[in-house]
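Just below is one structure, and these are the notes that go with it.
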Amino acid sequence: MNVAAVHTTSQSFTHLLYLIAANPAWAATLREEIEQVIEQYGYDKESLDRMRRLDSFIQESLRFNGLGVLASTKLALQDFALSDGTILPKGTFVAAPLRAMHHDDGNYADAGTFQPWRFYREVDECGGEANAQSMTTTTTTYLSFGHGKTACPGRFFAALELKMITANLLLNYDVKLEGDSTEIPPVSWYIASRVPNMKANVLFRRRQKD
Ligand code: HEM
């Protein structure tokens, strides 16, 4: 559980931290939404559901950055026939090509560009439409949490966690990269894993509330 839960969430948040520090305009838009929702509805799980721009921002980072090249790696413990007749002999490893799918223009317009509001949809009421599509909705082309019967069972928890940490950051701190840089610090690759920069500094200042 620790392996599945900890590095996934912390790496995902580190990407968000750099994105926010490098893009003050996106940070301002997110902060405005978070403050508006809290002012109108208070701060609870339903309010987090109502933060649709925040949801879109995190989903876009999961799409664009992701954890690496592959998702849903499986080992055939016995000969296994796929529905199209392909036989996976016992001992075969298979995985879904997460990064290739997420960066295919056929699946996402201008897939190589980070578009923070790509998944934003305006909704009136929380509960129905608001939750129908979100960062936790897996599809055959959005594979950040895998898909099908072994899709990540921790994703609803992870989504709340990421939203709460990001909201807390935006509500209480101004952040920026060293030298006011707007360049995301370069990522590292470990075999098929894509890891956010581990050495860059982010400057934090407690927000001056008026
Ligand atoms: C942003 C955070 C996370 C990401 C991107 C993520 C991603 C994934 C992916 C891609 C899989 C493979 C799914 C498949 O085989 O189709 C997976 C499986 C899993 N995840 Fe997560 N995960 C995250 C957070 C968490 C958290 C917080 C927990 C637990 C509290 C968790 C628990 C698990 C478990 C137990 C599995 C194995 C499920 C199975 O094979 O039946 N994950 N996750």
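Chain identifiers are assigned as A, B, and so on, following the order in which chains appear in the structure tokens; residues are numbered from 1 within each chain, and ligands are numbered from 1 in order of appearance.
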What are the closest atom pairs, with distances in Å to one decimal, for each residue of chain A lying within 9 Å of ligand 1, using only C-alpha atoms and all ligand atoms, rows by chain and rising residue number, as JSON lines?
{"residue": "A:Met1", "atom": "CA", "partner": "ligand 1", "partner_atom_place_in_ligand_line": "35 (C)", "distance": 5.5}
{"residue": "A:Asn2", "atom": "CA", "partner": "ligand 1", "partner_atom_place_in_ligand_line": "29 (C)", "distance": 7.4}
{"residue": "A:Val3", "atom": "CA", "partner": "ligand 1", "partner_atom_place_in_ligand_line": "32 (C)", "distance": 8.2}
{"residue": "A:Ala4", "atom": "CA", "partner": "ligand 1", "partner_atom_place_in_ligand_line": "32 (C)", "distance": 4.7}
{"residue": "A:Ala5", "atom": "CA", "partner": "ligand 1", "partner_atom_place_in_ligand_line": "26 (C)", "distance": 3.6}
{"residue": "A:Val6", "atom": "CA", "partner": "ligand 1", "partner_atom_place_in_ligand_line": "27 (C)", "distance": 6.5}
{"residue": "A:His7", "atom": "CA", "partner": "ligand 1", "partner_atom_place_in_ligand_line": "2 (C)", "distance": 7.9}
{"residue": "A:Thr8", "atom": "CA", "partner": "ligand 1", "partner_atom_place_in_ligand_line": "2 (C)", "distance": 4.4}
{"residue": "A:Thr9", "atom": "CA", "partner": "ligand 1", "partner_atom_place_in_ligand_line": "2 (C)", "distance": 4.1}
{"residue": "A:Ser10", "atom": "CA", "partner": "ligand 1", "partner_atom_place_in_ligand_line": "1 (C)", "distance": 7.7}
{"residue": "A:Gln11", "atom": "CA", "partner": "ligand 1", "partner_atom_place_in_ligand_line": "1 (C)", "distance": 7.7}
{"residue": "A:Ser12", "atom": "CA", "partner": "ligand 1", "partner_atom_place_in_ligand_line": "1 (C)", "distance": 5.5}
{"residue": "A:Phe13", "atom": "CA", "partner": "ligand 1", "partner_atom_place_in_ligand_line": "1 (C)", "distance": 7.9}
{"residue": "A:Leu62", "atom": "CA", "partner": "ligand 1", "partner_atom_place_in_ligand_line": "5 (C)", "distance": 6.8}
{"residue": "A:Gly66", "atom": "CA", "partner": "ligand 1", "partner_atom_place_in_ligand_line": "5 (C)", "distance": 6.7}
{"residue": "A:Leu67", "atom": "CA", "partner": "ligand 1", "partner_atom_place_in_ligand_line": "5 (C)", "distance": 6.4}
{"residue": "A:Leu70", "atom": "CA", "partner": "ligand 1", "partner_atom_place_in_ligand_line": "10 (C)", "distance": 7.9}
{"residue": "A:Ala71", "atom": "CA", "partner": "ligand 1", "partner_atom_place_in_ligand_line": "10 (C)", "distance": 4.7}
{"residue": "A:Ser72", "atom": "CA", "partner": "ligand 1", "partner_atom_place_in_ligand_line": "15 (O)", "distance": 3.4}
{"residue": "A:Thr73", "atom": "CA", "partner": "ligand 1", "partner_atom_place_in_ligand_line": "15 (O)", "distance": 6.1}
{"residue": "A:Lys74", "atom": "CA", "partner": "ligand 1", "partner_atom_place_in_ligand_line": "15 (O)", "distance": 7.1}
{"residue": "A:Ala95", "atom": "CA", "partner": "ligand 1", "partner_atom_place_in_ligand_line": "15 (O)", "distance": 8.5}
{"residue": "A:Ala96", "atom": "CA", "partner": "ligand 1", "partner_atom_place_in_ligand_line": "16 (O)", "distance": 8.3}
{"residue": "A:Leu98", "atom": "CA", "partner": "ligand 1", "partner_atom_place_in_ligand_line": "10 (C)", "distance": 8.6}
{"residue": "A:Leu143", "atom": "CA", "partner": "ligand 1", "partner_atom_place_in_ligand_line": "10 (C)", "distance": 6.6}
{"residue": "A:Ser144", "atom": "CA", "partner": "ligand 1", "partner_atom_place_in_ligand_line": "5 (C)", "distance": 5.2}
{"residue": "A:Phe145", "atom": "CA", "partner": "ligand 1", "partner_atom_place_in_ligand_line": "10 (C)", "distance": 3.9}
{"residue": "A:Gly146", "atom": "CA", "partner": "ligand 1", "partner_atom_place_in_ligand_line": "16 (O)", "distance": 3.4}
{"residue": "A:His147", "atom": "CA", "partner": "ligand 1", "partner_atom_place_in_ligand_line": "16 (O)", "distance": 4.6}
{"residue": "A:Gly148", "atom": "CA", "partner": "ligand 1", "partner_atom_place_in_ligand_line": "16 (O)", "distance": 6.2}
{"residue": "A:Lys149", "atom": "CA", "partner": "ligand 1", "partner_atom_place_in_ligand_line": "16 (O)", "distance": 7.1}
{"residue": "A:Thr150", "atom": "CA", "partner": "ligand 1", "partner_atom_place_in_ligand_line": "41 (O)", "distance": 4.2}
{"residue": "A:Ala151", "atom": "CA", "partner": "ligand 1", "partner_atom_place_in_ligand_line": "16 (O)", "distance": 4.0}
{"residue": "A:Cys152", "atom": "CA", "partner": "ligand 1", "partner_atom_place_in_ligand_line": "18 (C)", "distance": 3.8}
{"residue": "A:Pro153", "atom": "CA", "partner": "ligand 1", "partner_atom_place_in_ligand_line": "33 (C)", "distance": 5.3}
{"residue": "A:Gly154", "atom": "CA", "partner": "ligand 1", "partner_atom_place_in_ligand_line": "28 (C)", "distance": 3.6}
{"residue": "A:Arg155", "atom": "CA", "partner": "ligand 1", "partner_atom_place_in_ligand_line": "24 (C)", "distance": 5.3}
{"residue": "A:Phe156", "atom": "CA", "partner": "ligand 1", "partner_atom_place_in_ligand_line": "27 (C)", "distance": 7.9}
{"residue": "A:Phe157", "atom": "CA", "partner": "ligand 1", "partner_atom_place_in_ligand_line": "27 (C)", "distance": 5.8}
{"residue": "A:Ala158", "atom": "CA", "partner": "ligand 1", "partner_atom_place_in_ligand_line": "27 (C)", "distance": 4.4}
{"residue": "A:Ala159", "atom": "CA", "partner": "ligand 1", "partner_atom_place_in_ligand_line": "1 (C)", "distance": 6.9}
{"residue": "A:Glu161", "atom": "CA", "partner": "ligand 1", "partner_atom_place_in_ligand_line": "27 (C)", "distance": 8.0}
{"residue": "A:Leu162", "atom": "CA", "partner": "ligand 1", "partner_atom_place_in_ligand_line": "1 (C)", "distance": 7.5}
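For segment 50-104 of chain A, backbone-based DSSP labels the following residues as alpha helix (DSSP H): Arg50, Arg52, Arg53, Leu54, Asp55, Ser56, Phe57, Ile58, Gln59, Glu60, Ser61, Leu62, Arg63, Phe64, Leu98, Arg99, Ala100, Met101 and His102 of chain A.
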I want to know what sits within 9 Å of Val195 of chain A, based on only C-alpha atoms, with residues of the same chain fewer than 5 positions away left out; could you give that as a PDB file with all heavy atoms, in the first residue's frame?
ATOM      1  N   GLN A  11       4.878  12.516  -5.974  1.00  0.00           N
ATOM      2  CA  GLN A  11       5.414  12.951  -7.274  1.00  0.00           C
ATOM      3  C   GLN A  11       4.386  13.801  -8.012  1.00  0.00           C
ATOM      4  O   GLN A  11       4.720  14.816  -8.620  1.00  0.00           O
ATOM      5  CB  GLN A  11       5.766  11.743  -8.143  1.00  0.00           C
ATOM      6  CG  GLN A  11       7.059  11.087  -7.724  1.00  0.00           C
ATOM      7  CD  GLN A  11       7.455   9.983  -8.686  1.00  0.00           C
ATOM      8  OE1 GLN A  11       7.178  10.043  -9.870  1.00  0.00           O
ATOM      9  NE2 GLN A  11       8.105   8.970  -8.173  1.00  0.00           N
ATOM     10  N   HIS A  15       4.940  17.840  -9.260  1.00  0.00           N
ATOM     11  CA  HIS A  15       4.678  18.438 -10.581  1.00  0.00           C
ATOM     12  C   HIS A  15       3.766  19.660 -10.446  1.00  0.00           C
ATOM     13  O   HIS A  15       3.992  20.704 -11.058  1.00  0.00           O
ATOM     14  CB  HIS A  15       4.010  17.429 -11.524  1.00  0.00           C
ATOM     15  CG  HIS A  15       4.931  16.365 -12.036  1.00  0.00           C
ATOM     16  ND1 HIS A  15       6.037  16.644 -12.803  1.00  0.00           N
ATOM     17  CD2 HIS A  15       4.893  15.014 -11.929  1.00  0.00           C
ATOM     18  CE1 HIS A  15       6.654  15.506 -13.124  1.00  0.00           C
ATOM     19  NE2 HIS A  15       5.975  14.501 -12.607  1.00  0.00           N
ATOM     20  N   ASN A  65       2.163  14.948 -17.396  1.00  0.00           N
ATOM     21  CA  ASN A  65       3.362  14.491 -16.683  1.00  0.00           C
ATOM     22  C   ASN A  65       3.301  12.995 -16.400  1.00  0.00           C
ATOM     23  O   ASN A  65       4.179  12.255 -16.797  1.00  0.00           O
ATOM     24  CB  ASN A  65       3.529  15.261 -15.368  1.00  0.00           C
ATOM     25  CG  ASN A  65       3.915  16.703 -15.611  1.00  0.00           C
ATOM     26  OD1 ASN A  65       4.896  16.965 -16.303  1.00  0.00           O
ATOM     27  ND2 ASN A  65       3.152  17.644 -15.074  1.00  0.00           N
ATOM     28  N   GLY A  66       2.268  12.607 -15.690  1.00  0.00           N
ATOM     29  CA  GLY A  66       2.072  11.191 -15.373  1.00  0.00           C
ATOM     30  C   GLY A  66       3.225  10.619 -14.557  1.00  0.00           C
ATOM     31  O   GLY A  66       4.145  11.329 -14.164  1.00  0.00           O
ATOM     32  N   LEU A  67       3.131   9.342 -14.295  1.00  0.00           N
ATOM     33  CA  LEU A  67       4.176   8.698 -13.497  1.00  0.00           C
ATOM     34  C   LEU A  67       5.248   8.073 -14.384  1.00  0.00           C
ATOM     35  O   LEU A  67       6.289   7.670 -13.896  1.00  0.00           O
ATOM     36  CB  LEU A  67       3.565   7.604 -12.618  1.00  0.00           C
ATOM     37  CG  LEU A  67       2.587   8.056 -11.532  1.00  0.00           C
ATOM     38  CD1 LEU A  67       2.019   6.857 -10.804  1.00  0.00           C
ATOM     39  CD2 LEU A  67       3.275   8.988 -10.550  1.00  0.00           C
ATOM     40  N   GLY A  68       4.978   7.970 -15.669  1.00  0.00           N
ATOM     41  CA  GLY A  68       5.977   7.350 -16.532  1.00  0.00           C
ATOM     42  C   GLY A  68       5.399   6.921 -17.859  1.00  0.00           C
ATOM     43  O   GLY A  68       4.418   7.491 -18.332  1.00  0.00           O
ATOM     44  N   VAL A 187      12.784  17.250 -15.668  1.00  0.00           N
ATOM     45  CA  VAL A 187      12.452  15.984 -14.998  1.00  0.00           C
ATOM     46  C   VAL A 187      13.602  14.993 -15.194  1.00  0.00           C
ATOM     47  O   VAL A 187      14.482  15.219 -16.014  1.00  0.00           O
ATOM     48  CB  VAL A 187      11.160  15.348 -15.571  1.00  0.00           C
ATOM     49  CG1 VAL A 187       9.969  16.265 -15.393  1.00  0.00           C
ATOM     50  CG2 VAL A 187      11.342  14.941 -17.024  1.00  0.00           C
ATOM     51  N   SER A 188      13.572  13.903 -14.415  1.00  0.00           N
ATOM     52  CA  SER A 188      14.519  12.802 -14.637  1.00  0.00           C
ATOM     53  C   SER A 188      13.722  11.578 -15.065  1.00  0.00           C
ATOM     54  O   SER A 188      12.538  11.455 -14.736  1.00  0.00           O
ATOM     55  CB  SER A 188      15.255  12.390 -13.360  1.00  0.00           C
ATOM     56  OG  SER A 188      15.549  13.473 -12.573  1.00  0.00           O
ATOM     57  N   TRP A 189      14.420  10.700 -15.764  1.00  0.00           N
ATOM     58  CA  TRP A 189      13.817   9.419 -16.141  1.00  0.00           C
ATOM     59  C   TRP A 189      14.581   8.298 -15.461  1.00  0.00           C
ATOM     60  O   TRP A 189      15.809   8.294 -15.485  1.00  0.00           O
ATOM     61  CB  TRP A 189      13.889   9.215 -17.658  1.00  0.00           C
ATOM     62  CG  TRP A 189      12.845   9.982 -18.399  1.00  0.00           C
ATOM     63  CD1 TRP A 189      12.977  11.218 -18.948  1.00  0.00           C
ATOM     64  CD2 TRP A 189      11.509   9.558 -18.686  1.00  0.00           C
ATOM     65  NE1 TRP A 189      11.803  11.598 -19.557  1.00  0.00           N
ATOM     66  CE2 TRP A 189      10.887  10.591 -19.417  1.00  0.00           C
ATOM     67  CE3 TRP A 189      10.764   8.400 -18.384  1.00  0.00           C
ATOM     68  CZ2 TRP A 189       9.571  10.508 -19.851  1.00  0.00           C
ATOM     69  CZ3 TRP A 189       9.460   8.323 -18.820  1.00  0.00           C
ATOM     70  CH2 TRP A 189       8.863   9.365 -19.541  1.00  0.00           C
ATOM     71  N   TYR A 190      13.856   7.391 -14.814  1.00  0.00           N
ATOM     72  CA  TYR A 190      14.473   6.172 -14.307  1.00  0.00           C
ATOM     73  C   TYR A 190      13.795   5.018 -15.014  1.00  0.00           C
ATOM     74  O   TYR A 190      12.671   4.663 -14.695  1.00  0.00           O
ATOM     75  CB  TYR A 190      14.301   6.054 -12.788  1.00  0.00           C
ATOM     76  CG  TYR A 190      15.079   7.120 -12.060  1.00  0.00           C
ATOM     77  CD1 TYR A 190      14.477   8.310 -11.687  1.00  0.00           C
ATOM     78  CD2 TYR A 190      16.435   6.947 -11.805  1.00  0.00           C
ATOM     79  CE1 TYR A 190      15.203   9.307 -11.048  1.00  0.00           C
ATOM     80  CE2 TYR A 190      17.170   7.936 -11.182  1.00  0.00           C
ATOM     81  CZ  TYR A 190      16.544   9.106 -10.805  1.00  0.00           C
ATOM     82  OH  TYR A 190      17.269  10.103 -10.199  1.00  0.00           O
TER      83      TYR A 190
END
Distance of atom CA of Leu177 of chain A from atom CA of Val37 of chain A, expressed in Å to one decimal place: 27.6 Å
Top pick for closest residue to Thr141 of chain A, considering A:Phe57, A:Tyr108, A:Phe80, A:Tyr18 and counting only C-alpha atoms: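 Using only C-alpha atoms, Thr141 of chain A sits closest to A:Tyr108.
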DSSP on the backbone: what in segment 9-93 of chain A comes out strand (DSSP E), as a ChimeraX atom specification? /A:71-75,80-81,87-88,93
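When only C-alpha atoms are used to compute distances to Arg205 of chain A, the closest of the residues A:Asn172, A:Gln133, A:Gln115, A:Ser193 turns out to be A:Asn172.
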Hey, which of A:His103, A:Arg118, A:Arg31, A:Lys163 ends up closest to Ser56 of chain A? Count only C-alpha atoms.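 Smallest distance to Ser56 of chain A is found for A:Arg118.
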Selected residue of minimal separation from Met51 of chain A among A:Ser83, A:Thr92, A:Thr137, A:Thr166, counting only C-alpha atoms: A:Thr166
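Using only C-alpha atoms, the shortest contact distance between Arg50 of chain A and any of A:Lys90, A:Arg121, A:Arg207, A:Lys176 is found at A:Arg121.
You can rank A:Val94, A:Met164, A:Ile191, A:Met135 by their closest distance to Leu75 of chain A using only C-alpha atoms, and at the top of that list sits A:Val94.
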Compile the contact shell of Tyr173 of chain A as a VMD selection string: residues with an atom at most 12 Å away, counting only C-alpha atoms, same-chain residues fewer than 6 positions apart removed. chain A and resid 17 20 to 21 27 to 28 31 165 to 167 202 to 209
